[in-house]
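Participant: upload09.cif (mmCIF, C-alpha atoms) pasted underneath:
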data_model
#
loop_
_atom_site.label_atom_id
_atom_site.label_comp_id
_atom_site.auth_asym_id
_atom_site.auth_seq_id
_atom_site.Cartn_x
_atom_site.Cartn_y
_atom_site.Cartn_z
CA MET A 1355 133.12 88.31 134.44
CA GLU A 1356 134.93 88.62 131.12
CA TYR A 1357 133.56 86.22 128.52
CA ARG A 1358 135.85 84.62 125.98
CA ILE A 1359 134.03 85.01 122.67
CA SER A 1360 134.26 82.08 120.25
CA ASP A 1361 136.50 82.35 117.21
CA ARG A 1362 133.40 82.04 115.01
CA MET A 1363 131.78 85.16 116.49
CA ALA A 1364 134.82 87.24 117.43
CA GLY A 1365 135.22 88.66 113.94
CA MET A 1366 131.52 89.31 113.33
CA LYS A 1367 130.37 92.93 113.14
CA PRO A 1368 126.94 94.28 114.05
CA SER A 1369 124.73 95.17 111.10
CA VAL A 1370 125.35 98.75 110.01
CA ILE A 1371 121.68 98.98 109.06
CA ARG A 1372 120.49 97.82 112.48
CA GLU A 1373 122.85 100.29 114.16
CA ILE A 1374 121.41 103.16 112.14
CA LEU A 1375 117.87 102.00 112.83
CA LYS A 1376 118.53 102.36 116.56
CA GLN A 1377 118.18 106.09 115.94
CA MET A 1378 114.64 105.65 114.65
CA GLY A 1379 113.29 106.73 118.03
CA ASP A 1380 113.97 110.27 116.84
CA PRO A 1381 110.63 111.36 115.29
CA THR A 1382 112.40 114.01 113.22
CA LEU A 1383 114.59 111.47 111.41
CA ILE A 1384 113.62 110.55 107.84
CA SER A 1385 114.92 107.07 107.15
CA PHE A 1386 115.78 105.75 103.70
CA ALA A 1387 118.00 103.25 105.52
CA GLY A 1388 115.84 100.27 106.46
CA GLY A 1389 114.00 97.65 104.48
CA ASN A 1390 110.68 97.79 106.27
CA PRO A 1391 107.35 97.36 104.50
CA ALA A 1392 105.02 100.34 104.47
CA ALA A 1393 103.17 100.78 107.76
CA ASP A 1394 99.83 100.70 105.93
CA SER A 1395 100.62 97.51 104.02
CA PHE A 1396 99.73 95.00 106.72
CA PRO A 1397 96.40 93.11 106.49
CA LYS A 1398 95.63 94.08 110.08
CA GLU A 1399 91.93 93.32 110.05
CA ALA A 1400 92.40 89.82 108.62
CA ILE A 1401 95.19 89.04 111.08
CA ALA A 1402 93.08 90.20 114.04
CA ARG A 1403 89.94 88.38 112.86
CA PHE A 1404 91.61 85.04 112.12
CA SER A 1405 93.64 85.20 115.34
CA ALA A 1406 90.48 85.65 117.39
CA GLU A 1407 88.59 82.94 115.52
CA LEU A 1408 91.37 80.39 115.82
CA LEU A 1409 91.99 81.05 119.50
CA GLU A 1410 88.26 80.67 120.13
CA SER A 1411 87.73 77.52 118.06
CA ASP A 1412 91.05 75.71 118.62
CA PRO A 1413 92.95 77.19 121.58
CA VAL A 1414 95.02 74.08 122.29
CA GLY A 1415 96.02 73.68 118.65
CA MET A 1416 97.07 77.34 118.53
CA LEU A 1417 99.06 77.27 121.77
CA GLN A 1418 100.64 73.82 121.81
CA TYR A 1419 103.85 72.52 120.22
CA SER A 1420 103.72 71.44 116.57
CA VAL A 1421 105.92 69.56 114.11
CA SER A 1422 109.25 71.00 113.01
CA GLU A 1423 108.42 70.85 109.29
CA GLY A 1424 105.50 73.22 109.81
CA VAL A 1425 101.76 72.75 110.32
CA PRO A 1426 100.78 70.36 107.48
CA SER A 1427 97.81 72.43 106.29
CA THR A 1428 99.95 75.58 106.31
CA ARG A 1429 102.64 73.86 104.26
CA GLU A 1430 100.02 72.81 101.73
CA ALA A 1431 98.64 76.37 101.52
CA MET A 1432 102.16 77.76 101.02
CA LYS A 1433 102.86 75.13 98.37
CA ARG A 1434 99.82 76.20 96.37
CA PHE A 1435 100.69 79.88 96.83
CA VAL A 1436 104.29 79.73 95.58
CA SER A 1437 103.25 77.48 92.66
CA ARG A 1438 100.17 79.39 91.54
CA ARG A 1439 101.96 81.07 88.60
CA PHE A 1440 105.05 78.93 87.98
CA HIS A 1441 105.97 75.28 88.59
CA VAL A 1442 108.05 75.87 91.73
CA VAL A 1443 107.39 72.68 93.73
CA ARG A 1444 108.13 69.28 92.17
CA ASP A 1445 107.39 65.78 93.46
CA THR A 1446 111.04 65.46 94.56
CA ASP A 1447 110.78 68.64 96.68
CA GLU A 1448 109.71 69.25 100.24
CA VAL A 1449 108.04 72.41 101.55
CA LEU A 1450 109.14 73.62 105.00
CA VAL A 1451 107.87 76.51 107.10
CA MET A 1452 110.72 78.61 108.46
CA SER A 1453 111.05 81.60 110.79
CA GLY A 1454 111.88 84.08 108.05
CA SER A 1455 114.08 83.62 105.00
CA GLN A 1456 117.09 84.53 107.16
CA GLN A 1457 116.60 81.17 108.85
CA ILE A 1458 116.60 79.39 105.49
CA ILE A 1459 119.97 80.99 104.69
CA ASP A 1460 121.25 79.98 108.11
CA PHE A 1461 120.14 76.35 107.83
CA ALA A 1462 121.36 75.99 104.25
CA ALA A 1463 124.78 77.14 105.39
CA LYS A 1464 124.67 74.96 108.49
CA CYS A 1465 123.87 71.89 106.40
CA LEU A 1466 126.20 72.53 103.45
CA VAL A 1467 129.14 74.68 104.54
CA ASN A 1468 132.19 73.67 106.55
CA GLU A 1469 134.71 76.05 108.07
CA GLY A 1470 136.77 77.59 105.27
CA ASP A 1471 134.49 76.51 102.42
CA VAL A 1472 133.88 78.92 99.56
CA VAL A 1473 130.39 80.31 98.97
CA ALA A 1474 129.79 82.34 95.80
CA VAL A 1475 127.56 85.38 96.26
CA GLU A 1476 126.24 88.26 94.23
CA ASP A 1477 128.41 91.30 94.88
CA PRO A 1478 126.93 93.55 96.20
CA ALA A 1479 124.11 91.69 97.97
CA PHE A 1480 122.11 91.38 101.18
CA LEU A 1481 124.34 92.10 104.17
CA GLY A 1482 122.35 89.76 106.41
CA ALA A 1483 123.13 86.83 104.11
CA TYR A 1484 126.84 87.69 104.14
CA ASN A 1485 126.91 87.77 107.94
CA THR A 1486 125.01 84.50 108.26
CA LEU A 1487 127.27 82.70 105.81
CA ARG A 1488 130.38 84.06 107.51
CA SER A 1489 129.07 82.93 110.89
CA HIS A 1490 129.40 79.36 109.58
CA GLY A 1491 133.01 79.92 108.55
CA ALA A 1492 132.32 80.49 104.85
CA LYS A 1493 134.82 82.30 102.67
CA LEU A 1494 132.73 84.57 100.43
CA VAL A 1495 133.71 85.05 96.79
CA GLY A 1496 131.82 87.85 95.09
CA VAL A 1497 130.40 87.72 91.56
CA PRO A 1498 129.89 91.26 90.21
CA MET A 1499 126.48 92.50 89.13
CA GLU A 1500 125.57 93.70 85.66
CA ASP A 1501 122.37 95.52 84.77
CA ASP A 1502 120.53 92.23 84.11
CA GLY A 1503 122.06 90.13 86.88
CA VAL A 1504 125.38 88.54 87.71
CA ASP A 1505 128.33 88.43 85.33
CA LEU A 1506 128.06 84.91 83.90
CA THR A 1507 131.71 84.77 82.83
CA VAL A 1508 132.91 85.47 86.34
CA LEU A 1509 130.33 83.11 87.81
CA GLU A 1510 131.52 80.22 85.65
CA HIS A 1511 135.15 80.98 86.51
CA VAL A 1512 134.32 80.86 90.23
CA LEU A 1513 132.28 77.66 89.86
CA LYS A 1514 135.02 76.01 87.85
CA THR A 1515 138.08 77.06 89.85
CA GLN A 1516 136.85 77.40 93.44
CA SER A 1517 134.17 74.69 93.76
CA PRO A 1518 131.87 76.72 96.03
CA ARG A 1519 129.43 74.91 98.28
CA MET A 1520 126.58 77.10 97.03
CA PHE A 1521 125.74 80.24 95.06
CA TYR A 1522 123.56 82.87 96.77
CA CYS A 1523 121.45 85.21 94.65
CA ILE A 1524 118.38 87.47 94.76
CA PRO A 1525 116.97 87.40 91.19
CA ASN A 1526 114.02 89.74 91.78
CA PHE A 1527 114.63 93.42 92.57
CA GLN A 1528 117.92 92.67 94.22
CA ASN A 1529 118.94 94.05 97.60
CA PRO A 1530 120.67 96.53 97.49
CA THR A 1531 120.70 97.45 93.78
CA GLY A 1532 117.05 96.89 92.84
CA LYS A 1533 118.22 95.05 89.70
CA THR A 1534 116.36 92.08 88.24
CA MET A 1535 118.02 89.02 86.72
CA SER A 1536 116.85 88.53 83.14
CA TYR A 1537 115.00 85.41 81.99
CA GLU A 1538 118.00 84.36 79.90
CA LYS A 1539 120.40 84.73 82.81
CA ARG A 1540 118.13 82.75 85.12
CA ILE A 1541 118.35 79.82 82.76
CA ALA A 1542 122.11 80.29 82.32
CA VAL A 1543 122.73 80.49 86.09
CA TYR A 1544 120.74 77.29 86.60
CA GLU A 1545 122.56 75.45 83.82
CA LEU A 1546 126.01 76.56 85.04
CA CYS A 1547 125.35 75.55 88.63
CA ALA A 1548 123.85 72.23 87.54
CA LYS A 1549 126.89 71.61 85.29
CA TYR A 1550 129.35 72.19 88.14
CA GLY A 1551 127.23 70.57 90.86
CA VAL A 1552 126.81 73.75 92.94
CA PRO A 1553 123.50 74.36 94.79
CA ILE A 1554 121.73 77.67 94.21
CA LEU A 1555 120.23 79.46 97.20
CA GLU A 1556 117.53 81.57 95.53
CA ASP A 1557 116.37 84.27 97.94
CA ASP A 1558 113.03 85.73 96.81
CA PRO A 1559 111.68 88.10 99.48
CA TYR A 1560 110.53 90.76 97.00
CA GLY A 1561 109.20 88.74 94.06
CA GLU A 1562 105.54 89.58 94.75
CA LEU A 1563 106.28 93.32 94.81
CA ARG A 1564 106.61 93.93 91.08
CA ILE A 1565 105.65 97.47 90.01
CA ALA A 1566 106.58 97.31 86.31
CA GLY A 1567 106.93 94.66 83.60
CA GLU A 1568 105.90 91.01 83.61
CA ASP A 1569 106.52 88.45 86.35
CA LEU A 1570 109.56 86.27 85.64
CA PRO A 1571 109.76 82.60 86.63
CA PRO A 1572 111.94 81.75 89.63
CA ILE A 1573 115.13 79.83 88.91
CA LYS A 1574 113.54 77.06 90.98
CA SER A 1575 110.88 76.62 88.28
CA PHE A 1576 113.60 75.29 85.92
CA ASP A 1577 114.94 72.89 88.53
CA GLU A 1578 114.68 69.29 87.37
CA LYS A 1579 117.80 68.12 89.24
CA GLY A 1580 117.23 69.35 92.79
CA VAL A 1581 119.85 72.10 92.45
CA VAL A 1582 117.86 75.04 93.86
CA ILE A 1583 116.98 75.91 97.46
CA TYR A 1584 114.12 78.41 97.15
CA ALA A 1585 113.31 80.89 99.93
CA ALA A 1586 109.99 82.76 99.72
CA SER A 1587 109.33 85.24 102.51
CA PHE A 1588 105.95 86.39 103.79
CA SER A 1589 107.49 89.31 105.68
CA LYS A 1590 107.00 91.77 102.83
CA ILE A 1591 103.43 90.79 101.91
CA LEU A 1592 101.92 90.01 105.34
CA SER A 1593 104.03 91.13 108.28
CA PRO A 1594 107.72 90.88 109.26
CA ALA A 1595 106.77 90.23 112.89
CA MET A 1596 105.00 87.00 111.91
CA ARG A 1597 108.46 85.61 110.99
CA LEU A 1598 107.27 83.36 108.20
CA ALA A 1599 109.02 81.99 105.16
CA CYS A 1600 108.60 78.99 102.90
CA CYS A 1601 111.57 76.83 101.91
CA VAL A 1602 111.29 74.58 98.85
CA CYS A 1603 114.16 72.18 98.31
CA ASP A 1604 115.16 68.59 97.60
CA LYS A 1605 113.63 66.16 100.11
CA GLY A 1606 117.02 64.79 101.17
CA LEU A 1607 118.36 68.24 102.04
CA ALA A 1608 115.03 69.17 103.65
CA SER A 1609 115.37 66.29 106.11
CA ARG A 1610 118.71 67.71 107.27
CA MET A 1611 117.27 71.23 107.54
CA VAL A 1612 114.51 69.85 109.77
CA VAL A 1613 117.18 68.53 112.14
CA ALA A 1614 118.84 71.96 112.07
CA LYS A 1615 115.51 73.54 112.99
CA GLN A 1616 114.98 71.12 115.85
CA CYS A 1617 118.33 72.29 117.23
CA CYS A 1618 117.33 75.94 116.86
CA ASP A 1619 113.71 76.89 117.57
CA VAL A 1620 111.92 73.49 117.31
CA HIS A 1621 109.25 74.94 115.02
CA THR A 1622 107.99 78.25 113.67
CA THR A 1623 105.28 79.95 115.75
CA VAL A 1624 102.02 78.07 115.31
CA TRP A 1625 99.92 81.24 115.65
CA SER A 1626 101.56 82.91 112.65
CA GLN A 1627 101.41 79.71 110.59
CA ARG A 1628 97.70 79.19 111.17
CA VAL A 1629 96.81 82.84 110.56
CA CYS A 1630 98.88 82.86 107.36
CA GLU A 1631 97.09 79.72 106.19
CA ARG A 1632 93.70 81.36 106.69
CA ILE A 1633 94.78 84.47 104.80
CA LEU A 1634 96.09 82.35 101.90
CA THR A 1635 92.97 80.18 101.71
CA GLU A 1636 90.10 82.42 102.79
CA THR A 1637 90.96 85.86 101.43
CA ASP A 1638 91.80 87.19 97.97
CA ILE A 1639 95.57 87.21 98.49
CA ASP A 1640 96.23 88.31 94.91
CA ALA A 1641 94.01 91.36 95.40
CA HIS A 1642 96.01 92.20 98.54
CA ILE A 1643 99.27 91.83 96.61
CA ALA A 1644 97.89 94.01 93.81
CA SER A 1645 97.21 96.74 96.37
CA LEU A 1646 100.78 96.44 97.65
CA ARG A 1647 102.13 96.74 94.13
CA GLU A 1648 100.14 99.92 93.56
CA LEU A 1649 101.27 101.36 96.91
CA TYR A 1650 104.94 100.72 96.16
CA ARG A 1651 104.57 101.89 92.57
CA ARG A 1652 103.45 105.29 93.85
CA LYS A 1653 106.23 105.48 96.41
CA ALA A 1654 108.94 104.40 93.97
CA HIS A 1655 107.82 106.96 91.40
CA CYS A 1656 107.73 109.62 94.10
CA MET A 1657 111.38 108.96 94.99
CA LEU A 1658 112.50 108.55 91.37
CA ASP A 1659 110.83 111.81 90.33
CA ALA A 1660 112.34 113.65 93.30
CA LEU A 1661 115.81 112.28 92.54
CA ASP A 1662 115.56 113.26 88.87
CA THR A 1663 114.33 116.75 89.74
CA LEU A 1664 116.40 117.62 92.82
CA CYS A 1665 119.49 115.41 92.50
CA PRO A 1666 120.26 115.19 88.76
CA SER A 1667 123.94 114.49 89.50
CA LEU A 1668 123.00 111.17 91.14
CA GLU A 1669 122.88 108.21 88.79
CA HIS A 1670 120.36 105.65 90.01
CA THR A 1671 118.68 102.39 89.14
CA VAL A 1672 115.01 102.30 88.12
CA PRO A 1673 113.75 99.11 89.77
CA ASP A 1674 110.86 97.04 88.43
CA GLY A 1675 109.83 96.23 91.99
CA GLY A 1676 111.02 95.59 95.51
CA MET A 1677 111.99 98.30 97.96
CA PHE A 1678 115.32 99.81 96.97
CA ILE A 1679 117.03 102.28 94.65
CA TRP A 1680 120.81 102.22 94.20
CA ALA A 1681 122.12 105.77 93.78
CA THR A 1682 125.67 106.63 92.78
CA LEU A 1683 127.44 109.90 93.58
CA PRO A 1684 129.74 111.70 91.13
CA VAL A 1685 133.31 110.40 91.38
CA HIS A 1686 134.69 113.61 92.88
CA LEU A 1687 132.40 113.48 95.93
CA ASP A 1688 133.13 111.65 99.19
CA MET A 1689 130.41 109.05 99.76
CA PRO A 1690 131.04 108.53 103.52
CA ALA A 1691 130.97 112.30 104.01
CA PHE A 1692 127.67 112.44 102.13
CA VAL A 1693 126.16 109.72 104.36
CA ALA A 1694 127.39 111.43 107.53
CA LYS A 1695 126.19 114.86 106.43
CA CYS A 1696 122.75 113.47 105.55
CA LEU A 1697 122.49 111.92 109.01
CA GLU A 1698 123.48 115.23 110.60
CA ASN A 1699 120.54 116.73 108.73
CA LYS A 1700 118.15 113.99 109.91
CA VAL A 1701 118.12 111.81 106.79
CA ALA A 1702 119.48 108.25 107.07
CA VAL A 1703 120.88 106.42 104.03
CA ILE A 1704 123.05 103.31 103.90
CA PRO A 1705 126.61 103.51 102.53
CA GLY A 1706 126.93 101.14 99.59
CA ASN A 1707 130.28 99.65 100.57
CA VAL A 1708 128.71 97.61 103.40
CA PHE A 1709 126.92 95.46 100.80
CA PHE A 1710 130.14 94.30 99.14
CA VAL A 1711 132.16 91.25 100.09
CA ASP A 1712 135.15 93.58 100.55
CA GLU A 1713 133.92 96.73 102.29
CA ALA A 1714 137.28 98.40 101.67
CA VAL A 1715 136.74 98.54 97.89
CA PRO A 1716 136.01 102.15 96.85
CA CYS A 1717 132.28 102.72 96.45
CA GLN A 1718 130.35 105.80 95.41
CA SER A 1719 126.87 104.35 95.90
CA VAL A 1720 124.21 104.45 98.61
CA ARG A 1721 121.07 102.37 99.10
CA LEU A 1722 117.77 104.21 99.36
CA ASN A 1723 114.56 102.61 100.66
CA PHE A 1724 111.27 103.92 99.28
CA SER A 1725 108.81 101.43 100.85
CA ALA A 1726 108.78 102.68 104.44
CA PRO A 1727 108.75 106.52 104.37
CA ALA A 1728 105.60 108.47 103.61
CA PRO A 1729 105.55 110.30 100.24
CA GLU A 1730 105.91 113.71 101.89
CA ASN A 1731 108.96 112.47 103.80
CA ILE A 1732 110.42 111.02 100.60
CA GLU A 1733 110.25 114.47 99.03
CA LYS A 1734 111.65 116.18 102.14
CA GLY A 1735 114.44 113.63 102.47
CA VAL A 1736 115.53 113.90 98.85
CA ALA A 1737 115.52 117.71 99.21
CA VAL A 1738 117.91 117.35 102.15
CA MET A 1739 120.11 115.05 100.04
CA ALA A 1740 120.16 117.72 97.33
CA ASP A 1741 121.28 120.36 99.87
CA VAL A 1742 124.02 118.03 101.11
CA LEU A 1743 125.22 117.41 97.55
CA ARG A 1744 125.47 121.14 96.96
CA SER A 1745 127.35 121.65 100.24
CA LEU A 1746 129.91 119.00 99.25
#
Take the structure in the file and write it out as structure tokens.
Facilitator:
Amino acid sequence: MEYRISDRMAGMKPSVIREILKQMGDPTLISFAGGNPAADSFPKEAIARFSAELLESDPVGMLQYSVSEGVPSTREAMKRFVSRRFHVVRDTDEVLVMSGSQQIIDFAAKCLVNEGDVVAVEDPAFLGAYNTLRSHGAKLVGVPMEDDGVDLTVLEHVLKTQSPRMFYCIPNFQNPTGKTMSYEKRIAVYELCAKYGVPILEDDPYGELRIAGEDLPPIKSFDEKGVVIYAASFSKILSPAMRLACCVCDKGLASRMVVAKQCCDVHTTVWSQRVCERILTETDIDAHIASLRELYRRKAHCMLDALDTLCPSLEHTVPDGGMFIWATLPVHLDMPAFVAKCLENKVAVIPGNVFFVDEAVPCQSVRLNFSAPAPENIEKGVAVMADVLRSL
């Protein structure tokens, strides 16, 4: 039969990134396109050991339903983890376990956004957040990025004139640009949003993956008024397949997000919650994170050195962490042709225009991922990019 697709979904497009990743079955393809952690970054032994121990000692507790807020002991472990360096969780906050930070974005929108409401977003930013917000009928208004974060003048103008229902941002090693919001701008963003009564959805999937400089406090650590919804993902430091994230937000909003979760997946997988709790409480998690930082430091420098040596015509960001480099082609070159030609030569990169609120705006940039490919493939892939640049 022919299904009549709802108005809400009819205009939604599949993720360009996911479509490109469908080609990953080709073993000859070098992908700079995804956002996957390194294959050797997972704490496999700890996951296997704790899984076996928990299934042996508490099989019913591991395999039965649990509460929607998250296993209480897991929530407590996550609370201590996200607050170990900065004062992230206050007495007025609740900590919820979610199935990835994507679910936090989804539930925040479901609870706060009505059809046609404005949501302010960094521009460019995470495509998955854009799609989720749009699926709830949000009208996205982009705030352009500067080297140290969003343009505060534009942000205040949007807050003042359009009364958005929330502001979405990624302060640490932003996706796709790799840029980091400065300490001063974090305070300014918080103060502006508090002044105009606009919630901040602070997405922090990469904050633990710093490879240079000093850790900066989350915007949530300044939050004395319940303005910030903080999303901390465990996908990049443990495993994406565990589908774990921690949401810290005002207790009143948290109660509504729990209802949203009950309507969605009831609760996050108990197995992954309990294993995560054991890793956080019974292993040296900071030593594990330090090893990840060193791994990504080497990979980032490998790609940066290759770009500087082989592709000197490409301007690019030098991220202090995360997984991405934002590279910009000379103005006289055709960016879509560059992306297509790279793919023809078995190197996948993501066209930068897909990360903007308006994809039709001219864009000369591409997003490059350094976390997933092996160093030798980084060098080979950048060499292919250099050949493509010369051919164009």
Participant: Go through A:Phe1576, A:Phe1461, A:Tyr1537, A:Tyr1650 and flag the residue nearest Arg1444 (chain A), using all atoms listed in the file for the distances.
Facilitator: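 The closest residue to Arg1444 (chain A) is A:Phe1576.
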Participant: Neighbourhood query: residues within 6 Å of (110.2, 78.3, 87.7), file coordinates, counting only C-alpha atoms; return as JSON, numbers by chain.
Facilitator: {"A": [1440, 1441, 1442, 1571, 1572, 1573, 1574, 1575, 1576]}
Participant: Quick one: residues within 9 Å of Glu1669 (chain A), all atoms listed in the file counted, chain neighbours fewer than 6 positions away excluded, as a VMD selection string?
Facilitator: chain A and resid 1661 to 1662 1680 to 1684
Participant: Run the PyMOL selection byres ((chain A and resi 1703-1718) around 7) on the file and write out the hits as a list in words.
Facilitator: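 Against this file, the PyMOL selection byres ((chain A and resi 1703-1718) around 7) returns the residues Ile1371, Ser1385, Phe1386, Ala1387, Asp1477, Pro1478, Ala1479, Phe1480, Leu1481, Leu1494, Gly1496, Thr1682, Leu1683, Val1685, Met1689, Pro1690, Val1693, Val1701, Ala1702, Ser1719, Val1720, Arg1721 and Leu1722 of chain A.
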Participant: Would you kindly identify which residues have an atom no farther than 10 Å from (108.8, 75.6, 96.8), using only C-alpha atoms and the file's own coordinates, and write them out as a list in words?
Facilitator: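 Answer for this query, in the requested form: Arg1429, Met1432, Lys1433, Arg1434, Phe1435, Val1436, Ser1437, His1441, Val1442, Val1443, Arg1444, Asp1447, Glu1448, Val1449, Leu1450, Pro1572, Lys1574, Ser1575, Val1582, Ile1583, Tyr1584, Ala1585, Ala1586, Cys1600, Cys1601, Val1602, Cys1603 and Asp1604 of chain A.
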Participant: For those residues, write C-alpha atoms to a file as a PDB file, keeping the file's coordinate frame.
Facilitator:
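Below you can see selection-v5.pdb, which holds the result:
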ATOM      1  CA  ARG A1429     102.640  73.860 104.260  1.00  0.00           C
ATOM      2  CA  MET A1432     102.160  77.760 101.020  1.00  0.00           C
ATOM      3  CA  LYS A1433     102.860  75.130  98.370  1.00  0.00           C
ATOM      4  CA  ARG A1434      99.820  76.200  96.370  1.00  0.00           C
ATOM      5  CA  PHE A1435     100.690  79.880  96.830  1.00  0.00           C
ATOM      6  CA  VAL A1436     104.290  79.730  95.580  1.00  0.00           C
ATOM      7  CA  SER A1437     103.250  77.480  92.660  1.00  0.00           C
ATOM      8  CA  HIS A1441     105.970  75.280  88.590  1.00  0.00           C
ATOM      9  CA  VAL A1442     108.050  75.870  91.730  1.00  0.00           C
ATOM     10  CA  VAL A1443     107.390  72.680  93.730  1.00  0.00           C
ATOM     11  CA  ARG A1444     108.130  69.280  92.170  1.00  0.00           C
ATOM     12  CA  ASP A1447     110.780  68.640  96.680  1.00  0.00           C
ATOM     13  CA  GLU A1448     109.710  69.250 100.240  1.00  0.00           C
ATOM     14  CA  VAL A1449     108.040  72.410 101.550  1.00  0.00           C
ATOM     15  CA  LEU A1450     109.140  73.620 105.000  1.00  0.00           C
ATOM     16  CA  PRO A1572     111.940  81.750  89.630  1.00  0.00           C
ATOM     17  CA  LYS A1574     113.540  77.060  90.980  1.00  0.00           C
ATOM     18  CA  SER A1575     110.880  76.620  88.280  1.00  0.00           C
ATOM     19  CA  VAL A1582     117.860  75.040  93.860  1.00  0.00           C
ATOM     20  CA  ILE A1583     116.980  75.910  97.460  1.00  0.00           C
ATOM     21  CA  TYR A1584     114.120  78.410  97.150  1.00  0.00           C
ATOM     22  CA  ALA A1585     113.310  80.890  99.930  1.00  0.00           C
ATOM     23  CA  ALA A1586     109.990  82.760  99.720  1.00  0.00           C
ATOM     24  CA  CYS A1600     108.600  78.990 102.900  1.00  0.00           C
ATOM     25  CA  CYS A1601     111.570  76.830 101.910  1.00  0.00           C
ATOM     26  CA  VAL A1602     111.290  74.580  98.850  1.00  0.00           C
ATOM     27  CA  CYS A1603     114.160  72.180  98.310  1.00  0.00           C
ATOM     28  CA  ASP A1604     115.160  68.590  97.600  1.00  0.00           C
TER      29      ASP A1604
END
Participant: Quick one, how far is CA of Val1624 (chain A) from CA of Tyr1419 (chain A)?
Facilitator: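 Going from CA of Val1624 (chain A) over to CA of Tyr1419 (chain A) covers 7.6 Å.
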Participant: With the PyMOL selection byres ((chain A and resi 1427) around 12) as the selection, what would be picked from this file? Answer as a count of residues only, please.
Facilitator: 25
Participant: Starting from the PyMOL selection byres ((chain A and resi 1745) around 12), expand the selection into actual residues of this file and give them as a PyMOL selection string.
Facilitator: chain A and resi 1687-1688+1691-1692+1695-1696+1699+1738-1744+1746
Participant: Could you please take those selected residues and save C-alpha atoms as a PDB file, in the frame of the given file?
Facilitator:
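The result, written out as part39.pdb:
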ATOM      1  CA  LEU A1687     132.400 113.480  95.930  1.00  0.00           C
ATOM      2  CA  ASP A1688     133.130 111.650  99.190  1.00  0.00           C
ATOM      3  CA  ALA A1691     130.970 112.300 104.010  1.00  0.00           C
ATOM      4  CA  PHE A1692     127.670 112.440 102.130  1.00  0.00           C
ATOM      5  CA  LYS A1695     126.190 114.860 106.430  1.00  0.00           C
ATOM      6  CA  CYS A1696     122.750 113.470 105.550  1.00  0.00           C
ATOM      7  CA  ASN A1699     120.540 116.730 108.730  1.00  0.00           C
ATOM      8  CA  VAL A1738     117.910 117.350 102.150  1.00  0.00           C
ATOM      9  CA  MET A1739     120.110 115.050 100.040  1.00  0.00           C
ATOM     10  CA  ALA A1740     120.160 117.720  97.330  1.00  0.00           C
ATOM     11  CA  ASP A1741     121.280 120.360  99.870  1.00  0.00           C
ATOM     12  CA  VAL A1742     124.020 118.030 101.110  1.00  0.00           C
ATOM     13  CA  LEU A1743     125.220 117.410  97.550  1.00  0.00           C
ATOM     14  CA  ARG A1744     125.470 121.140  96.960  1.00  0.00           C
ATOM     15  CA  LEU A1746     129.910 119.000  99.250  1.00  0.00           C
TER      16      LEU A1746
END
Participant: Edge lengths and centre in Å to one decimal, as JSON, of the axis-aligned box that encloses all listed atoms of region 1396-1414 of chain A with 4 Å added on every side?
Facilitator:
{"center_x": 93.7, "center_y": 84.5, "center_z": 114.4, "size_x": 20.0, "size_y": 28.9, "size_z": 23.8}
Participant: For a test of reading the model, state the distance in Å between CA of Gly1580 (chain A) and CA of Pro1518 (chain A), rounded to one decimal.
Facilitator: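 CA of Gly1580 (chain A) sits 16.7 Å away from CA of Pro1518 (chain A).
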Participant: With distances taken over all atoms listed in the file, which of A:Ala1462, A:Val1467, A:Leu1649, A:Met1596 is nearest to Leu1563 (chain A)?
Facilitator: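 Nearest candidate to Leu1563 (chain A) out of A:Ala1462, A:Val1467, A:Leu1649, A:Met1596: A:Leu1649.
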Participant: Could you check which of A:Asp1674, A:Glu1730, A:Asp1460, A:Asp1412 is closest to Asp1502 (chain A), using all atoms listed in the file?
Facilitator: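 The closest residue to Asp1502 (chain A) is A:Asp1674.
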Participant: Smallest atom-to-atom distance to Val1736 (chain A): which of A:Leu1664, A:Val1508, A:Ala1614, A:Val1473, using only C-alpha atoms?
Facilitator: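 Using only C-alpha atoms, Val1736 (chain A) sits closest to A:Leu1664.
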